[in-house]
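Peer 1: For reference, the file my_file-v5.cif (mmCIF, C-alpha atoms) is included below:
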data_target
#
loop_
_atom_site.group_PDB
_atom_site.id
_atom_site.type_symbol
_atom_site.label_atom_id
_atom_site.label_comp_id
_atom_site.auth_asym_id
_atom_site.auth_seq_id
_atom_site.Cartn_x
_atom_site.Cartn_y
_atom_site.Cartn_z
ATOM 1 C CA MET A 856 56.426 101.995 -116.854
ATOM 2 C CA GLN A 857 56.327 100.250 -120.202
ATOM 3 C CA SER A 858 59.318 98.045 -121.042
ATOM 4 C CA PHE A 859 61.128 98.775 -124.296
ATOM 5 C CA ASP A 860 63.383 95.709 -123.952
ATOM 6 C CA GLU A 861 62.284 93.996 -127.169
ATOM 7 C CA LEU A 862 62.909 97.133 -129.220
ATOM 8 C CA ASP A 863 66.169 97.919 -127.421
ATOM 9 C CA GLU A 864 67.459 94.415 -128.136
ATOM 10 C CA GLU A 865 66.676 94.693 -131.838
ATOM 11 C CA LEU A 866 68.326 98.094 -132.101
ATOM 12 C CA ASP A 867 71.350 96.715 -130.272
ATOM 13 C CA ARG A 868 71.609 94.004 -132.941
ATOM 14 C CA TRP A 869 71.727 96.720 -135.593
ATOM 15 C CA ALA A 870 74.407 98.601 -133.692
ATOM 16 C CA ALA A 871 76.474 95.436 -133.106
ATOM 17 C CA ALA A 872 76.462 94.838 -136.855
ATOM 18 C CA GLY A 873 77.650 98.393 -137.457
ATOM 19 C CA ARG A 874 74.365 99.310 -139.117
ATOM 20 C CA ALA A 875 71.820 102.070 -138.607
ATOM 21 C CA VAL A 876 68.265 102.523 -139.827
ATOM 22 C CA SER A 877 67.093 105.836 -141.280
ATOM 23 C CA LEU A 878 63.919 106.843 -139.497
ATOM 24 C CA TRP A 879 61.479 109.604 -140.382
ATOM 25 C CA TRP A 880 58.257 110.938 -138.910
ATOM 26 C CA ARG A 881 55.044 111.669 -140.839
ATOM 27 C CA ASP A 882 51.900 113.183 -139.374
ATOM 28 C CA ASP A 883 48.636 113.362 -141.341
ATOM 29 C CA ASP A 884 45.446 115.439 -141.585
ATOM 30 C CA ALA A 885 46.704 118.957 -140.825
ATOM 31 C CA ALA A 886 44.190 121.646 -141.800
ATOM 32 C CA ALA A 887 44.249 124.244 -138.994
ATOM 33 C CA ALA A 888 46.392 125.506 -136.117
ATOM 34 C CA THR A 889 44.763 123.335 -133.473
ATOM 35 C CA PRO A 890 46.060 122.797 -129.932
ATOM 36 C CA GLN A 891 46.923 119.230 -130.949
ATOM 37 C CA LEU A 892 49.091 120.465 -133.813
ATOM 38 C CA THR A 893 50.844 122.921 -131.508
ATOM 39 C CA ARG A 894 51.518 120.063 -129.081
ATOM 40 C CA LEU A 895 52.862 117.856 -131.862
ATOM 41 C CA ILE A 896 55.307 120.450 -133.161
ATOM 42 C CA ALA A 897 56.427 121.292 -129.629
ATOM 43 C CA MET A 898 57.171 117.596 -129.070
ATOM 44 C CA ALA A 899 59.233 117.419 -132.245
ATOM 45 C CA ARG A 900 61.201 120.510 -131.260
ATOM 46 C CA ARG A 901 61.731 119.232 -127.707
ATOM 47 C CA HIS A 902 63.335 116.071 -129.077
ATOM 48 C CA ARG A 903 65.097 118.044 -131.848
ATOM 49 C CA LEU A 904 63.516 115.868 -134.534
ATOM 50 C CA PRO A 905 62.415 116.751 -138.065
ATOM 51 C CA ILE A 906 58.809 116.058 -138.958
ATOM 52 C CA ALA A 907 56.865 115.911 -142.231
ATOM 53 C CA ILE A 908 53.271 117.098 -141.899
ATOM 54 C CA ALA A 909 50.717 116.168 -144.556
ATOM 55 C CA ALA A 910 48.309 119.075 -145.079
ATOM 56 C CA VAL A 911 44.847 118.944 -146.677
ATOM 57 C CA PRO A 912 44.865 121.842 -149.155
ATOM 58 C CA ALA A 913 41.132 122.235 -149.848
ATOM 59 C CA THR A 914 40.156 122.535 -146.184
ATOM 60 C CA MET A 915 43.210 124.256 -144.725
ATOM 61 C CA GLN A 916 42.682 127.406 -142.685
ATOM 62 C CA ALA A 917 44.852 130.508 -143.001
ATOM 63 C CA ASP A 918 46.369 129.954 -139.553
ATOM 64 C CA LEU A 919 47.945 126.679 -140.670
ATOM 65 C CA VAL A 920 50.687 128.561 -142.511
ATOM 66 C CA GLY A 921 52.037 130.151 -139.349
ATOM 67 C CA ALA A 922 51.631 126.939 -137.363
ATOM 68 C CA LEU A 923 53.835 125.005 -139.807
ATOM 69 C CA SER A 924 56.529 127.653 -140.097
ATOM 70 C CA ALA A 925 58.562 126.091 -137.265
ATOM 71 C CA PRO A 926 62.114 124.878 -137.963
ATOM 72 C CA GLY A 927 62.352 121.214 -138.907
ATOM 73 C CA VAL A 928 58.869 121.035 -140.449
ATOM 74 C CA THR A 929 58.339 119.913 -144.049
ATOM 75 C CA VAL A 930 54.861 120.165 -145.556
ATOM 76 C CA LEU A 931 53.552 117.358 -147.790
ATOM 77 C CA GLN A 932 50.251 117.129 -149.703
ATOM 78 C CA HIS A 933 47.480 115.015 -148.191
ATOM 79 C CA GLY A 934 45.253 114.513 -151.197
ATOM 80 C CA HIS A 935 42.920 117.402 -151.984
ATOM 81 C CA ALA A 936 39.928 117.550 -149.612
ATOM 82 C CA HIS A 937 40.286 114.211 -147.768
ATOM 83 C CA LYS A 938 36.911 113.223 -149.216
ATOM 84 C CA ASN A 939 35.880 109.660 -149.937
ATOM 85 C CA HIS A 940 35.023 108.883 -153.578
ATOM 86 C CA ALA A 941 34.851 105.102 -153.298
ATOM 87 C CA GLY A 942 31.903 103.167 -154.620
ATOM 88 C CA ALA A 943 29.300 101.685 -152.308
ATOM 89 C CA GLY A 944 30.731 98.985 -150.075
ATOM 90 C CA LYS A 945 34.338 99.734 -151.011
ATOM 91 C CA ARG A 946 37.102 101.019 -148.774
ATOM 92 C CA PRO A 947 37.565 104.794 -148.634
ATOM 93 C CA VAL A 948 39.726 106.430 -151.296
ATOM 94 C CA GLU A 949 40.112 109.972 -152.560
ATOM 95 C CA CYS A 950 42.936 109.506 -155.080
ATOM 96 C CA GLY A 951 40.821 107.274 -157.302
ATOM 97 C CA GLY A 952 37.475 105.665 -156.671
ATOM 98 C CA GLU A 953 34.485 106.402 -158.879
ATOM 99 C CA ARG A 954 35.866 109.568 -160.484
ATOM 100 C CA PRO A 955 37.761 109.726 -163.781
ATOM 101 C CA THR A 956 41.533 109.918 -163.382
ATOM 102 C CA LYS A 957 41.637 113.304 -165.119
ATOM 103 C CA GLU A 958 39.228 114.770 -162.577
ATOM 104 C CA VAL A 959 41.262 113.412 -159.672
ATOM 105 C CA LEU A 960 44.472 114.862 -161.111
ATOM 106 C CA THR A 961 42.823 118.239 -161.662
ATOM 107 C CA ASP A 962 41.931 118.420 -157.969
ATOM 108 C CA LEU A 963 45.379 117.265 -156.884
ATOM 109 C CA GLY A 964 47.016 119.872 -159.129
ATOM 110 C CA GLU A 965 44.877 122.597 -157.605
ATOM 111 C CA GLY A 966 45.904 121.414 -154.160
ATOM 112 C CA MET A 967 49.570 121.418 -155.098
ATOM 113 C CA ARG A 968 49.389 124.998 -156.343
ATOM 114 C CA THR A 969 47.699 126.066 -153.103
ATOM 115 C CA LEU A 970 50.399 124.502 -150.945
ATOM 116 C CA MET A 971 53.218 125.867 -153.103
ATOM 117 C CA ARG A 972 51.741 129.352 -152.873
ATOM 118 C CA GLU A 973 51.132 129.241 -149.122
ATOM 119 C CA PHE A 974 54.219 127.371 -147.889
ATOM 120 C CA GLY A 975 56.884 128.113 -150.493
ATOM 121 C CA PRO A 976 60.113 126.178 -149.919
ATOM 122 C CA THR A 977 58.680 124.462 -146.825
ATOM 123 C CA PHE A 978 56.427 122.457 -149.169
ATOM 124 C CA LEU A 979 57.778 119.286 -150.776
ATOM 125 C CA PRO A 980 55.622 118.002 -153.682
ATOM 126 C CA PHE A 981 55.116 114.544 -152.239
ATOM 127 C CA MET A 982 51.698 112.901 -152.414
ATOM 128 C CA VAL A 983 50.325 111.355 -149.227
ATOM 129 C CA PRO A 984 47.024 109.809 -150.329
ATOM 130 C CA PRO A 985 44.247 109.866 -147.726
ATOM 131 C CA TRP A 986 43.639 106.438 -146.227
ATOM 132 C CA ASN A 987 46.990 105.444 -147.805
ATOM 133 C CA ARG A 988 45.161 104.415 -150.971
ATOM 134 C CA ILE A 989 45.707 105.571 -154.529
ATOM 135 C CA ASP A 990 44.476 104.265 -157.859
ATOM 136 C CA PRO A 991 47.320 102.900 -160.023
ATOM 137 C CA ALA A 992 46.404 105.237 -162.889
ATOM 138 C CA VAL A 993 46.622 108.243 -160.575
ATOM 139 C CA ALA A 994 49.934 107.038 -159.133
ATOM 140 C CA ALA A 995 51.321 106.545 -162.639
ATOM 141 C CA ALA A 996 50.578 110.180 -163.496
ATOM 142 C CA LEU A 997 52.232 111.720 -160.430
ATOM 143 C CA PRO A 998 55.638 112.486 -162.026
ATOM 144 C CA GLN A 999 54.014 114.245 -164.964
ATOM 145 C CA GLN A 1000 52.034 116.337 -162.491
ATOM 146 C CA GLY A 1001 55.220 117.556 -160.837
ATOM 147 C CA TYR A 1002 55.325 115.272 -157.795
ATOM 148 C CA PHE A 1003 58.674 113.981 -156.601
ATOM 149 C CA GLY A 1004 57.172 110.917 -155.001
ATOM 150 C CA LEU A 1005 54.558 109.099 -152.993
ATOM 151 C CA SER A 1006 54.212 108.188 -149.335
ATOM 152 C CA GLY A 1007 51.856 105.365 -148.463
ATOM 153 C CA PHE A 1008 51.993 102.725 -145.757
ATOM 154 C CA GLY A 1009 53.916 99.475 -145.527
ATOM 155 C CA PRO A 1010 57.081 97.969 -147.032
ATOM 156 C CA ARG A 1011 57.932 99.068 -150.543
ATOM 157 C CA HIS A 1012 58.507 96.526 -153.300
ATOM 158 C CA TYR A 1013 61.581 94.376 -152.668
ATOM 159 C CA ASN A 1014 62.604 91.211 -154.516
ATOM 160 C CA GLY A 1015 59.047 90.638 -155.639
ATOM 161 C CA ILE A 1016 57.608 91.207 -152.160
ATOM 162 C CA GLY A 1017 55.434 94.056 -150.978
ATOM 163 C CA GLY A 1018 53.968 97.119 -152.655
ATOM 164 C CA ASP A 1019 55.243 100.523 -153.656
ATOM 165 C CA GLY A 1020 52.622 102.799 -152.213
ATOM 166 C CA SER A 1021 49.406 101.652 -150.592
ATOM 167 C CA THR A 1022 50.094 98.118 -149.407
ATOM 168 C CA GLU A 1023 46.583 97.767 -148.019
ATOM 169 C CA ASP A 1024 45.377 97.039 -151.543
ATOM 170 C CA ALA A 1025 46.937 95.656 -154.713
ATOM 171 C CA PRO A 1026 50.661 96.424 -155.039
ATOM 172 C CA LEU A 1027 51.377 99.424 -157.227
ATOM 173 C CA VAL A 1028 53.702 99.466 -160.174
ATOM 174 C CA LEU A 1029 55.001 103.005 -160.172
ATOM 175 C CA PRO A 1030 56.491 104.806 -163.156
ATOM 176 C CA PRO A 1031 60.062 106.064 -163.485
ATOM 177 C CA ARG A 1032 61.074 109.214 -161.626
ATOM 178 C CA CYS A 1033 58.851 108.443 -158.640
ATOM 179 C CA THR A 1034 60.389 107.933 -155.209
ATOM 180 C CA VAL A 1035 58.556 105.938 -152.548
ATOM 181 C CA ILE A 1036 59.097 106.860 -148.886
ATOM 182 C CA ASN A 1037 56.458 105.092 -146.826
ATOM 183 C CA ALA A 1038 55.346 105.011 -143.210
ATOM 184 C CA HIS A 1039 55.461 101.664 -141.387
ATOM 185 C CA LEU A 1040 54.320 102.087 -137.775
ATOM 186 C CA ASP A 1041 51.007 103.817 -137.056
ATOM 187 C CA VAL A 1042 50.525 104.598 -133.372
ATOM 188 C CA LEU A 1043 46.760 104.341 -133.880
ATOM 189 C CA THR A 1044 44.446 101.513 -134.846
ATOM 190 C CA TRP A 1045 41.456 102.372 -137.047
ATOM 191 C CA LYS A 1046 38.941 99.543 -136.948
ATOM 192 C CA GLY A 1047 35.876 100.945 -135.218
ATOM 193 C CA GLY A 1048 37.377 104.444 -135.130
ATOM 194 C CA PRO A 1049 40.809 105.820 -134.233
ATOM 195 C CA ALA A 1050 42.283 104.593 -130.954
ATOM 196 C CA PHE A 1051 45.717 104.118 -129.406
ATOM 197 C CA ALA A 1052 47.179 100.851 -130.719
ATOM 198 C CA GLY A 1053 48.723 100.041 -127.334
ATOM 199 C CA ALA A 1054 52.309 100.216 -126.119
ATOM 200 C CA ASP A 1055 52.972 96.465 -126.051
ATOM 201 C CA LYS A 1056 51.716 95.983 -129.595
ATOM 202 C CA LEU A 1057 53.614 98.968 -130.988
ATOM 203 C CA ILE A 1058 56.919 97.990 -129.381
ATOM 204 C CA ARG A 1059 56.528 94.445 -130.701
ATOM 205 C CA LEU A 1060 55.639 95.622 -134.217
ATOM 206 C CA PHE A 1061 58.495 98.122 -134.284
ATOM 207 C CA ALA A 1062 61.007 95.441 -133.299
ATOM 208 C CA GLU A 1063 59.565 92.888 -135.742
ATOM 209 C CA ARG A 1064 59.595 95.287 -138.683
ATOM 210 C CA LEU A 1065 63.158 96.327 -137.954
ATOM 211 C CA ALA A 1066 64.141 92.650 -137.776
ATOM 212 C CA ASP A 1067 62.525 92.113 -141.182
ATOM 213 C CA ARG A 1068 64.851 94.783 -142.582
ATOM 214 C CA ARG A 1069 67.920 93.454 -140.808
ATOM 215 C CA LEU A 1070 67.278 89.944 -142.138
ATOM 216 C CA ALA A 1071 66.369 91.236 -145.641
ATOM 217 C CA ARG A 1072 62.813 89.927 -145.491
ATOM 218 C CA THR A 1073 61.920 93.481 -146.540
ATOM 219 C CA ASP A 1074 64.121 96.091 -148.203
ATOM 220 C CA PRO A 1075 67.074 96.563 -145.791
ATOM 221 C CA ASP A 1076 67.770 100.044 -147.152
ATOM 222 C CA GLU A 1077 64.229 101.386 -146.896
ATOM 223 C CA PRO A 1078 63.756 104.277 -144.437
ATOM 224 C CA PHE A 1079 61.431 103.428 -141.552
ATOM 225 C CA GLY A 1080 58.449 105.734 -141.154
ATOM 226 C CA LEU A 1081 56.663 106.561 -137.901
ATOM 227 C CA LEU A 1082 53.063 107.658 -138.542
ATOM 228 C CA THR A 1083 50.943 109.846 -136.272
ATOM 229 C CA HIS A 1084 47.593 111.646 -136.591
ATOM 230 C CA HIS A 1085 47.672 114.535 -134.115
ATOM 231 C CA LEU A 1086 43.923 115.205 -134.197
ATOM 232 C CA ASP A 1087 43.115 111.677 -132.980
ATOM 233 C CA HIS A 1088 45.613 111.219 -130.143
ATOM 234 C CA ASP A 1089 44.380 110.612 -126.621
ATOM 235 C CA GLU A 1090 46.603 111.109 -123.570
ATOM 236 C CA ALA A 1091 47.849 107.517 -123.697
ATOM 237 C CA THR A 1092 49.006 108.064 -127.280
ATOM 238 C CA TRP A 1093 50.782 111.320 -126.451
ATOM 239 C CA SER A 1094 52.461 109.742 -123.423
ATOM 240 C CA PHE A 1095 53.695 106.724 -125.371
ATOM 241 C CA LEU A 1096 54.945 108.887 -128.229
ATOM 242 C CA GLU A 1097 56.897 111.068 -125.816
ATOM 243 C CA ARG A 1098 58.641 108.058 -124.299
ATOM 244 C CA LEU A 1099 59.222 106.354 -127.644
ATOM 245 C CA LEU A 1100 60.829 109.402 -129.239
ATOM 246 C CA GLY A 1101 63.093 109.974 -126.269
ATOM 247 C CA ARG A 1102 64.159 106.350 -126.356
ATOM 248 C CA ILE A 1103 64.906 105.916 -130.039
ATOM 249 C CA ALA A 1104 66.320 109.372 -130.748
ATOM 250 C CA ALA A 1105 69.258 108.613 -128.461
ATOM 251 C CA HIS A 1106 70.063 105.143 -129.843
ATOM 252 C CA PRO A 1107 73.153 104.860 -132.087
ATOM 253 C CA ALA A 1108 71.315 102.528 -134.485
ATOM 254 C CA ILE A 1109 68.759 105.244 -135.332
ATOM 255 C CA ARG A 1110 69.401 108.081 -137.760
ATOM 256 C CA PHE A 1111 66.440 110.459 -137.644
ATOM 257 C CA GLN A 1112 66.229 112.175 -141.028
ATOM 258 C CA PRO A 1113 64.069 114.814 -142.672
ATOM 259 C CA ILE A 1114 62.219 113.560 -145.724
ATOM 260 C CA THR A 1115 64.160 116.024 -147.872
ATOM 261 C CA THR A 1116 67.376 114.154 -147.025
ATOM 262 C CA LEU A 1117 65.731 110.782 -147.609
ATOM 263 C CA LEU A 1118 64.582 111.975 -151.014
ATOM 264 C CA THR A 1119 68.184 112.472 -152.124
ATOM 265 C CA GLU A 1120 69.209 109.062 -150.745
ATOM 266 C CA SER A 1121 66.280 106.923 -151.891
ATOM 267 C CA PRO A 1122 66.214 105.143 -155.242
ATOM 268 C CA VAL A 1123 63.967 106.582 -157.931
ATOM 269 C CA ARG A 1124 61.598 103.970 -159.370
#
Can you dump the structure from the file as structure tokens?

Peer 2:
Amino acid sequence: MQSFDELDEELDRWAAAGRAVSLWWRDDDAAAATPQLTRLIAMARRHRLPIAIAAVPATMQADLVGALSAPGVTVLQHGHAHKNHAGAGKRPVECGGERPTKEVLTDLGEGMRTLMREFGPTFLPFMVPPWNRIDPAVAAALPQQGYFGLSGFGPRHYNGIGGDGSTEDAPLVLPPRCTVINAHLDVLTWKGGPAFAGADKLIRLFAERLADRRLARTDPDEPFGLLTHHLDHDEATWSFLERLLGRIAAHPAIRFQPITTLLTESPVR
């Protein structure tokens, strides 16, 4: 059985200081009511945890609406078609790339209208760019397009450190009225194709990234995001996730929150 000692010790330091970290859960790439999606939502319900699921509007099947109607589920927008528009030799991107900004925004707006129509109040107009990448010009236009915010990957900007959205590339300078609520721990690794990142590595990274917050090396008030991709989980990933959720959900230093609550608590850029 995998030891969670390193993570437990870090959470105990938070609790001893009378502090708690807000934690949320984002899952990407939903397009149909697959067995993996059913398993994911059942896991969230079993642990009584809210989950935000990023849906791909252009490829979604009709059965996705019923699958995401479960209590505790919030639907976010995962780009438009999850299609790569990067130039040759460049890293994948849909919200930018070789297309004009206006064309990208037209597609995103169409996707937003689809999700609003299909999911109603379950849908939160938050952009989750595929591959966690978004062109700065597209990001700058999000508020005018009706989006409340952006969810990328990595620490948001803090005292001149970090980025606001996609921290894999150049840091973004976001406009006013845009909230950033990122994910920070992906249970998968992607080099060479999706694969379980490994329990030892994930526990170490989780503890280290919480310590960065506690010691103000990153924004101490930033919510911590757990990132999953239900379609790409193997049994080792599912097993680890089950144990991790059971462990952290019961710790007094963790406050599991729906993204809708975090939106009201997070600063607007």

Peer 1: Hey, which of A:Lys957, A:Arg874, A:Arg903, A:His1085 ends up closest to Gln1112 (chain A)? Count only C-alpha atoms.

Peer 2: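 The shortest atom-to-atom distance to Gln1112 (chain A) comes from A:Arg903.
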
Peer 1: Name the closest residue to Cys1033 (chain A) among the candidates A:Ile989, A:Leu1118, A:Ala941, A:Leu1082; distances are taken between atoms, counting all atoms listed in the file.

Peer 2: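 Under the stated criterion, the closest residue is A:Leu1118.
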
Peer 1: Exactly which residues make up the result of the PyMOL selection byres ((chain A and resi 966-979) around 8) on this file, given as an mmCIF file with C-alpha atoms, in the frame of the given file?

Peer 2:
data_model
loop_
_atom_site.group_PDB
_atom_site.id
_atom_site.type_symbol
_atom_site.label_atom_id
_atom_site.label_comp_id
_atom_site.auth_asym_id
_atom_site.auth_seq_id
_atom_site.Cartn_x
_atom_site.Cartn_y
_atom_site.Cartn_z
ATOM 1 C CA VAL A 911 44.847 118.944 -146.677
ATOM 2 C CA PRO A 912 44.865 121.842 -149.155
ATOM 3 C CA ALA A 913 41.132 122.235 -149.848
ATOM 4 C CA VAL A 920 50.687 128.561 -142.511
ATOM 5 C CA SER A 924 56.529 127.653 -140.097
ATOM 6 C CA VAL A 928 58.869 121.035 -140.449
ATOM 7 C CA THR A 929 58.339 119.913 -144.049
ATOM 8 C CA VAL A 930 54.861 120.165 -145.556
ATOM 9 C CA LEU A 931 53.552 117.358 -147.790
ATOM 10 C CA GLN A 932 50.251 117.129 -149.703
ATOM 11 C CA GLY A 934 45.253 114.513 -151.197
ATOM 12 C CA HIS A 935 42.920 117.402 -151.984
ATOM 13 C CA ASP A 962 41.931 118.420 -157.969
ATOM 14 C CA LEU A 963 45.379 117.265 -156.884
ATOM 15 C CA GLY A 964 47.016 119.872 -159.129
ATOM 16 C CA GLU A 965 44.877 122.597 -157.605
ATOM 17 C CA PRO A 980 55.622 118.002 -153.682
ATOM 18 C CA PHE A 981 55.116 114.544 -152.239
ATOM 19 C CA PHE A 1003 58.674 113.981 -156.601
ATOM 20 C CA THR A 1115 64.160 116.024 -147.872
#

Peer 1: Mind giving me the straight-line distance from CA of Thr1034 (chain A) to CA of Leu1099 (chain A) in Å, one decimal?

Peer 2: 27.6 Å

Peer 1: Starting from the shown file, work through the PyMOL selection byres ((chain A and resi 950) around 7) and note down what comes out as a ChimeraX atom specification.

Peer 2: /A:934,948-949,951-952,959,984,988-990,993

Peer 1: Evaluate the PyMOL selection byres ((chain A and resi 862) around 8) and record the selected residues as a PyMOL selection string, following the chain and residue labels used in the document.

Peer 2: chain A and resi 859-861+863-866+1058-1059+1061-1062

Peer 1: Just add N, CA and C atoms to region 862-873 of chain A and send it as an mmCIF file, in the frame of the given file.

Peer 2:
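out37.cif was written with the following content:
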data_model
loop_
_atom_site.group_PDB
_atom_site.id
_atom_site.type_symbol
_atom_site.label_atom_id
_atom_site.label_comp_id
_atom_site.auth_asym_id
_atom_site.auth_seq_id
_atom_site.Cartn_x
_atom_site.Cartn_y
_atom_site.Cartn_z
ATOM 1 N N LEU A 862 62.422 96.176 -128.226
ATOM 2 C CA LEU A 862 62.909 97.133 -129.220
ATOM 3 C C LEU A 862 64.377 97.450 -128.991
ATOM 4 N N ASP A 863 64.764 97.639 -127.738
ATOM 5 C CA ASP A 863 66.169 97.919 -127.421
ATOM 6 C C ASP A 863 67.075 96.795 -127.921
ATOM 7 N N GLU A 864 66.642 95.556 -127.714
ATOM 8 C CA GLU A 864 67.459 94.415 -128.136
ATOM 9 C C GLU A 864 67.624 94.376 -129.648
ATOM 10 N N GLU A 865 66.569 94.690 -130.385
ATOM 11 C CA GLU A 865 66.676 94.693 -131.838
ATOM 12 C C GLU A 865 67.583 95.820 -132.321
ATOM 13 N N LEU A 866 67.444 96.991 -131.724
ATOM 14 C CA LEU A 866 68.326 98.094 -132.101
ATOM 15 C C LEU A 866 69.779 97.786 -131.747
ATOM 16 N N ASP A 867 69.982 97.107 -130.642
ATOM 17 C CA ASP A 867 71.350 96.715 -130.272
ATOM 18 C C ASP A 867 71.944 95.754 -131.301
ATOM 19 N N ARG A 868 71.117 94.902 -131.887
ATOM 20 C CA ARG A 868 71.609 94.004 -132.941
ATOM 21 C C ARG A 868 72.061 94.812 -134.162
ATOM 22 N N TRP A 869 71.319 95.842 -134.500
ATOM 23 C CA TRP A 869 71.727 96.720 -135.593
ATOM 24 C C TRP A 869 73.075 97.380 -135.274
ATOM 25 N N ALA A 870 73.173 97.906 -134.072
ATOM 26 C CA ALA A 870 74.407 98.601 -133.692
ATOM 27 C C ALA A 870 75.594 97.643 -133.667
ATOM 28 N N ALA A 871 75.388 96.420 -133.171
ATOM 29 C CA ALA A 871 76.474 95.436 -133.106
ATOM 30 C C ALA A 871 76.970 95.057 -134.496
ATOM 31 N N ALA A 872 76.082 95.146 -135.470
ATOM 32 C CA ALA A 872 76.462 94.838 -136.855
ATOM 33 C C ALA A 872 77.022 96.062 -137.576
ATOM 34 N N GLY A 873 77.139 97.169 -136.855
ATOM 35 C CA GLY A 873 77.650 98.393 -137.457
ATOM 36 C C GLY A 873 76.675 99.026 -138.424
#
